[in-house]
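Pasted below: structure_31.cif, mmCIF, C-alpha atoms and all ligand atoms.
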```cif
data_model
#
loop_
_atom_site.label_atom_id
_atom_site.label_comp_id
_atom_site.auth_asym_id
_atom_site.auth_seq_id
_atom_site.Cartn_x
_atom_site.Cartn_y
_atom_site.Cartn_z
CA MET C 17 0.00 0.00 0.00
CA LEU C 18 1.21 3.49 -0.84
CA SER C 19 1.46 6.24 1.75
CA ILE C 20 -0.88 9.23 1.63
CA ALA C 21 1.97 11.38 0.27
CA GLU C 22 2.59 8.83 -2.49
CA ASN C 23 -1.13 8.66 -3.30
CA ILE C 24 -1.21 12.44 -3.63
CA LYS C 25 1.76 12.33 -5.99
CA VAL C 26 -0.02 9.74 -8.15
CA VAL C 27 -3.24 11.81 -8.19
CA ARG C 28 -1.32 14.98 -9.09
CA ASP C 29 0.50 13.18 -11.92
CA ARG C 30 -2.82 11.89 -13.26
CA ILE C 31 -4.32 15.38 -13.04
CA GLU C 32 -1.34 16.80 -14.90
CA ALA C 33 -1.61 14.17 -17.65
CA ALA C 34 -5.33 14.87 -18.10
CA VAL C 35 -4.65 18.61 -18.17
CA LYS C 36 -2.04 18.13 -20.91
CA ARG C 37 -4.28 15.88 -22.98
CA SER C 38 -6.97 18.52 -22.96
CA GLY C 39 -4.64 21.43 -23.68
CA ARG C 40 -5.57 23.24 -20.49
CA ASP C 41 -3.44 25.11 -17.98
CA PRO C 42 -2.60 23.21 -14.75
CA SER C 43 -3.37 26.33 -12.69
CA GLU C 44 -7.03 26.02 -13.71
CA ILE C 45 -7.59 22.88 -11.64
CA LYS C 46 -7.89 22.70 -7.87
CA LEU C 47 -7.57 19.43 -6.01
CA VAL C 48 -10.04 19.14 -3.13
CA ALA C 49 -8.96 16.30 -0.84
CA VAL C 50 -12.19 14.86 0.55
CA SER C 51 -11.37 14.02 4.15
CA LYS C 52 -14.80 12.93 5.46
CA THR C 53 -14.45 10.10 8.02
CA VAL C 54 -10.64 10.45 7.86
CA ASP C 55 -8.93 11.08 11.20
CA ILE C 56 -6.78 14.10 11.98
CA ASP C 57 -3.45 12.26 11.87
CA ARG C 58 -4.00 11.15 8.30
CA ILE C 59 -5.37 14.54 7.27
CA LYS C 60 -2.22 16.05 8.74
CA GLU C 61 -0.09 13.78 6.55
CA ALA C 62 -1.96 15.05 3.51
CA VAL C 63 -1.49 18.69 4.51
CA ILE C 64 2.22 18.15 5.07
CA ALA C 65 2.35 16.55 1.60
CA GLY C 66 0.97 19.78 0.14
CA ILE C 67 -2.82 19.52 0.23
CA THR C 68 -4.33 22.98 0.77
CA ILE C 69 -8.06 22.31 0.27
CA LEU C 70 -10.02 19.85 2.41
CA GLY C 71 -13.58 18.77 1.65
CA GLU C 72 -16.03 17.61 4.32
CA ASN C 73 -19.64 16.51 4.13
CA ARG C 74 -20.81 16.94 7.72
CA VAL C 75 -20.88 20.22 9.60
CA GLN C 76 -20.23 18.71 13.03
CA GLU C 77 -17.30 16.62 11.87
CA ALA C 78 -15.82 19.61 10.04
CA GLN C 79 -16.21 21.79 13.10
CA LYS C 80 -13.90 19.54 15.12
CA LYS C 81 -11.35 19.34 12.35
CA VAL C 82 -11.25 23.06 11.63
CA ALA C 83 -10.61 23.71 15.31
CA SER C 84 -8.01 20.97 15.67
CA TYR C 85 -4.71 21.97 17.18
CA GLU C 86 -2.81 19.22 15.33
CA LEU C 87 -3.67 20.73 11.97
CA ARG C 88 -2.99 24.28 13.05
CA VAL C 89 0.54 23.53 14.24
CA VAL C 90 1.45 22.48 10.71
CA GLY C 91 1.21 26.18 9.95
CA ARG C 92 -0.29 25.98 6.48
CA LYS C 93 -3.24 27.94 5.24
CA ILE C 94 -6.05 25.44 4.67
CA GLU C 95 -9.27 26.08 2.77
CA TRP C 96 -12.29 24.11 3.98
CA HIS C 97 -15.01 23.17 1.52
CA MET C 98 -18.46 21.76 2.26
CA VAL C 99 -19.07 19.14 -0.42
CA GLY C 100 -22.06 17.33 1.10
CA HIS C 101 -25.69 18.27 1.45
CA LEU C 102 -26.22 21.19 3.83
CA GLN C 103 -29.31 21.35 6.01
CA THR C 104 -30.80 24.81 6.34
CA ASN C 105 -30.54 24.71 10.12
CA LYS C 106 -26.76 24.20 9.87
CA ALA C 107 -26.16 27.20 7.63
CA LYS C 108 -25.20 29.42 10.54
CA THR C 109 -22.38 27.13 11.62
CA ALA C 110 -21.38 26.34 8.05
CA ILE C 111 -20.63 29.93 7.10
CA ARG C 112 -18.17 30.18 10.00
CA LEU C 113 -16.31 27.09 8.81
CA PHE C 114 -16.29 26.97 5.05
CA ASP C 115 -14.55 28.99 2.37
CA LEU C 116 -16.76 27.40 -0.27
CA ILE C 117 -20.06 25.52 -0.09
CA HIS C 118 -20.41 23.24 -3.14
CA SER C 119 -23.95 22.11 -2.53
CA VAL C 120 -26.55 24.90 -2.60
CA ASP C 121 -29.66 23.45 -4.20
CA SER C 122 -32.62 25.49 -3.00
CA LEU C 123 -33.61 29.12 -2.58
CA ARG C 124 -34.49 28.42 1.04
CA LEU C 125 -30.95 27.30 1.80
CA ALA C 126 -29.46 30.18 -0.21
CA GLU C 127 -31.57 32.70 1.70
CA GLU C 128 -30.51 31.24 5.03
CA ILE C 129 -26.83 31.35 4.06
CA ASP C 130 -27.32 34.95 2.91
CA ARG C 131 -29.08 35.94 6.12
CA GLU C 132 -26.45 34.40 8.39
CA SER C 133 -23.58 35.78 6.29
CA ARG C 134 -25.00 39.27 6.48
CA LYS C 135 -24.90 39.13 10.27
CA THR C 136 -21.15 38.53 10.21
CA GLY C 137 -20.39 40.74 7.22
CA LYS C 138 -19.27 37.79 5.14
CA VAL C 139 -19.98 37.20 1.48
CA GLN C 140 -20.19 33.42 1.28
CA ASP C 141 -18.84 31.79 -1.88
CA VAL C 142 -20.98 28.90 -3.08
CA LEU C 143 -21.60 26.58 -6.00
CA VAL C 144 -25.04 25.44 -7.11
CA GLU C 145 -25.42 21.67 -7.18
CA VAL C 146 -27.20 20.37 -10.26
CA ASN C 147 -28.86 16.94 -10.32
CA LEU C 148 -28.42 16.14 -14.01
CA ALA C 149 -29.89 12.67 -14.10
CA GLY C 150 -32.89 13.62 -11.96
CA GLU C 151 -32.02 10.89 -9.46
CA GLU C 152 -34.37 11.00 -6.51
CA THR C 153 -31.74 9.72 -4.11
CA LYS C 154 -29.48 12.65 -4.88
CA HIS C 155 -29.62 16.29 -3.93
CA GLY C 156 -29.31 19.12 -6.38
CA VAL C 157 -31.55 21.42 -8.37
CA SER C 158 -32.91 20.14 -11.67
CA LYS C 159 -31.29 21.22 -14.90
CA GLU C 160 -34.45 23.18 -15.74
CA GLY C 161 -34.55 24.86 -12.33
CA THR C 162 -30.95 26.05 -12.39
CA ILE C 163 -31.43 29.38 -14.17
CA SER C 164 -34.39 30.49 -12.08
CA LEU C 165 -32.56 29.58 -8.87
CA LEU C 166 -29.54 31.57 -10.02
CA LYS C 167 -31.71 34.55 -10.93
CA GLU C 168 -33.22 34.58 -7.46
CA MET C 169 -29.83 34.09 -5.83
CA SER C 170 -28.31 37.02 -7.71
CA LYS C 171 -30.58 39.31 -5.65
CA LEU C 172 -28.92 38.13 -2.45
CA LYS C 173 -26.00 40.35 -1.49
CA ASN C 174 -24.14 38.12 0.94
CA ILE C 175 -23.85 35.04 -1.20
CA SER C 176 -21.74 34.80 -4.33
CA VAL C 177 -22.17 31.98 -6.83
CA LYS C 178 -18.87 30.93 -8.34
CA GLY C 179 -20.05 28.01 -10.43
CA LEU C 180 -21.78 24.64 -10.57
CA MET C 181 -21.25 21.24 -9.01
CA THR C 182 -22.58 17.80 -9.91
CA MET C 183 -22.55 14.21 -8.69
CA PRO C 184 -23.45 12.04 -11.68
CA PRO C 185 -24.91 8.54 -11.34
CA PHE C 186 -22.21 6.12 -10.24
CA SER C 187 -20.58 3.96 -12.86
CA GLU C 188 -17.42 1.87 -12.83
CA ASP C 189 -16.79 3.13 -16.33
CA PRO C 190 -15.76 6.82 -16.41
CA GLU C 191 -16.78 7.07 -20.06
CA LYS C 192 -20.39 6.52 -18.99
CA VAL C 193 -20.31 9.67 -16.87
CA ARG C 194 -18.53 11.83 -19.44
CA PRO C 195 -21.83 13.08 -20.97
CA TYR C 196 -22.91 14.41 -17.55
CA PHE C 197 -19.68 16.35 -17.11
CA ARG C 198 -20.03 17.75 -20.59
CA ARG C 199 -23.61 18.77 -19.91
CA LEU C 200 -22.67 20.66 -16.75
CA ARG C 201 -20.08 22.61 -18.71
CA GLU C 202 -22.65 23.38 -21.41
CA ILE C 203 -25.13 24.59 -18.81
CA ARG C 204 -22.49 26.88 -17.30
CA ASP C 205 -21.48 28.27 -20.69
CA ASN C 206 -25.09 28.75 -21.63
CA ILE C 207 -25.89 30.65 -18.44
CA ASN C 208 -22.84 32.86 -18.95
CA GLU C 209 -23.85 33.62 -22.53
CA LEU C 210 -27.42 34.46 -21.59
CA ARG C 211 -26.16 36.93 -18.96
CA VAL C 212 -29.39 36.59 -17.05
CA THR C 213 -28.08 35.92 -13.59
CA GLY C 214 -25.63 38.73 -12.87
CA TYR C 215 -22.91 36.15 -12.21
CA GLU C 216 -19.97 35.11 -14.29
CA LEU C 217 -19.82 31.40 -13.46
CA ARG C 218 -16.31 30.05 -13.64
CA ASP C 219 -16.05 26.93 -11.54
CA LEU C 220 -17.14 23.40 -12.33
CA SER C 221 -16.79 21.05 -9.36
CA MET C 222 -16.99 17.59 -10.86
CA GLY C 223 -15.03 14.34 -10.83
CA MET C 224 -14.17 12.03 -7.94
CA SER C 225 -11.59 9.25 -7.46
CA ASN C 226 -13.10 7.10 -10.15
CA ASP C 227 -13.53 9.68 -12.88
CA PHE C 228 -11.60 12.88 -12.20
CA GLU C 229 -9.51 12.59 -15.35
CA VAL C 230 -12.57 12.50 -17.58
CA ALA C 231 -14.02 15.42 -15.62
CA ILE C 232 -10.86 17.45 -16.26
CA GLU C 233 -11.05 16.63 -19.97
CA GLU C 234 -14.59 18.03 -19.89
CA GLY C 235 -13.65 21.24 -18.11
CA ALA C 236 -13.63 20.60 -14.35
CA THR C 237 -11.93 23.35 -12.33
CA MET C 238 -12.25 21.45 -9.04
CA VAL C 239 -11.99 17.71 -8.56
CA ARG C 240 -13.13 16.16 -5.27
CA VAL C 241 -10.91 13.20 -4.48
CA GLY C 242 -11.23 11.06 -1.36
CA THR C 243 -10.49 7.35 -1.78
CA ALA C 244 -7.57 7.80 -4.19
CA ILE C 245 -5.80 9.89 -1.55
CA PHE C 246 -6.86 8.42 1.81
CA GLY C 247 -7.81 4.86 0.80
CA GLU C 248 -11.16 3.15 1.26
CA ARG C 249 -13.38 4.74 3.89
CA ARG C 250 -14.51 2.60 6.81
C1 LIG C 301 -17.20 11.34 -0.69
C2 LIG C 301 -17.34 12.38 -1.72
C3 LIG C 301 -16.36 12.57 -2.71
C4 LIG C 301 -15.11 11.73 -2.82
O1 LIG C 301 -15.41 10.47 -3.31
P1 LIG C 301 -14.25 9.42 -3.67
O2 LIG C 301 -14.90 8.47 -4.59
O3 LIG C 301 -13.83 8.80 -2.39
O4 LIG C 301 -13.14 10.18 -4.30
C5 LIG C 301 -16.56 13.60 -3.61
N1 LIG C 301 -17.65 14.38 -3.57
C6 LIG C 301 -18.60 14.24 -2.64
C7 LIG C 301 -19.77 15.15 -2.65
C8 LIG C 301 -18.49 13.24 -1.69
O5 LIG C 301 -19.46 13.09 -0.77
#
```
Take the structure in the file and give it back as structure tokens.
Ligand SMILES: *Cc1c(COP(=O)(O)O)cnc(C)c1O
Amino acid sequence: MLSIAENIKVVRDRIEAAVKRSGRDPSEIKLVAVSKTVDIDRIKEAVIAGITILGENRVQEAQKKVASYELRVVGRKIEWHMVGHLQTNKAKTAIRLFDLIHSVDSLRLAEEIDRESRKTGKVQDVLVEVNLAGEETKHGVSKEGTISLLKEMSKLKNISVKGLMTMPPFSEDPEKVRPYFRRLREIRDNINELRVTGYELRDLSMGMSNDFEVAIEEGATMVRVGTAIFGERR
């Protein structure tokens, strides 16, 4: 078994190869190391190996990690991202913890984030999660609902939409999910061309351990990688 540092090297090499294949610039892609369920010691190894963005999917778990002394002594600036579904009643805590929330999928949640952010003078960066396959088990706004949600959100002053995120249906075969990644990019480009939302959407958060290379080929600016860095989750 490879160490976490070695895993990160392998992931970075694969990212670089995918970037080259697609003629993009390496600086366009951010690696979000998804550290949900991973303990502090192993997260620390990843940070020492150069990881600067950590992704969590539970507010309570993230709260402990953000406050952890062991990570702070490493002395690196860490960005914390919320990649999982956020309940409206956790918005208040979330805006204190996270630099970016990947998973806004309703106006109600957006309004709550806006309201809580206003109290602290923060402008919270977020992505809107799109449920492309219409899977009932997954969160995310429908493809059709995306523009109207963005229009409403652009009226909120303390929330800033940076882009879109998606979790396509799982498949062992990355080629099967390629069309979903492509569609998310098309939706983003379309929204930017229409200029109806007041936002210039730049980011596309898509691609996980199994398919991040394909996601990069289709325009991902953030890949969310857990297992390939930390190993199988218990
Ligand atoms: C767990 C998780 C990931 C990482 O998945 P891996 O397959 O372990 O890389 C990415 N995004 C979200 C939203 C997750 O919940």
Return as a PyMOL selection string the residues of protein, DNA or RNA that approach ligand LIG 301 (chain C) to within 9 Å, with all atoms listed in the file taken into account.
-> chain C and resi 48-52+71-73+98-101+118-119+181-183+221-228+239-249
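Of the residues listed (C:Glu168, C:Glu233, C:Glu202, C:Glu44), C:Glu168 shows the shortest atom-to-atom separation from Ser122 of chain C; distances use only C-alpha atoms.
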Skip Asp57 of chain C itself and residues of its chain fewer than 4 positions away, then list as a VMD selection string all residues within 12 Å of it, counting all atoms listed in the file.
-> chain C and resid 20 51 53 61 to 64 81 84 to 87 90 246
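If all atoms listed in the file are the atoms counted, then among C:Lys159, C:Lys154, C:Arg112, C:Lys173 the closest residue to Arg131 of chain C is C:Lys173.
The two atoms in question, atom CA of Ser164 of chain C and atom CA of Tyr215 of chain C, are spaced 12.8 Å apart.
Between atom CA of Val89 of chain C and atom CA of Lys60 of chain C the separation is 9.7 Å.
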Counting only C-alpha atoms, which of C:Leu123, C:Gln76, C:Ala33, C:Val142 gets nearest to Gly161 of chain C?
-> C:Leu123
Of C:Pro184, C:Gly156, C:Gly137, C:Gly214, the one sitting nearest Met169 of chain C when using all atoms listed in the file is C:Gly214
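Here atom CA of Lys80 of chain C and atom CA of Phe114 of chain C stand 12.7 Å from one another.
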Nearby residues (all atoms listed in the file) at most 12 Å from Lys93 of chain C, same-chain spacing under 6 positions excluded, as a list in words | Val63, Ile64, Gly66, Ile67, Thr68, Ile69, Leu70, Val82, Leu87 and Asp115 of chain C
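All residues of protein, DNA or RNA that reach within 8 Å of Ile232 of chain C, judged by all atoms listed in the file and not counting those fewer than 6 positions away in the chain, are Ile31, Ala34, Val35, Ser38, Ile45, Gly223 and Val239 of chain C.
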Exercise: Ser133 of chain C partners within 8 Å, all atoms listed in the file, chain neighbours under 4 positions left out, as a PyMOL selection string = chain C and resi 108+111+129+137-140+174-175
Output C-alpha atoms for every residue in the selection just made, as a short mmCIF file (atom, residue, chain, number, x, y, z; two decimals), in the frame of the given file.
```cif
data_model
loop_
_atom_site.label_atom_id
_atom_site.label_comp_id
_atom_site.auth_asym_id
_atom_site.auth_seq_id
_atom_site.Cartn_x
_atom_site.Cartn_y
_atom_site.Cartn_z
CA LYS C 108 -25.20 29.42 10.54
CA ILE C 111 -20.63 29.93 7.10
CA ILE C 129 -26.83 31.35 4.06
CA GLY C 137 -20.39 40.74 7.22
CA LYS C 138 -19.27 37.79 5.14
CA VAL C 139 -19.98 37.20 1.48
CA GLN C 140 -20.19 33.42 1.28
CA ASN C 174 -24.14 38.12 0.94
CA ILE C 175 -23.85 35.04 -1.20
#
```
Given the choices C:Leu18, C:Leu148, C:Leu166, C:Val120, which gets closest to Val193 of chain C if the distance is worked out from all atoms listed in the file?
-> C:Leu148
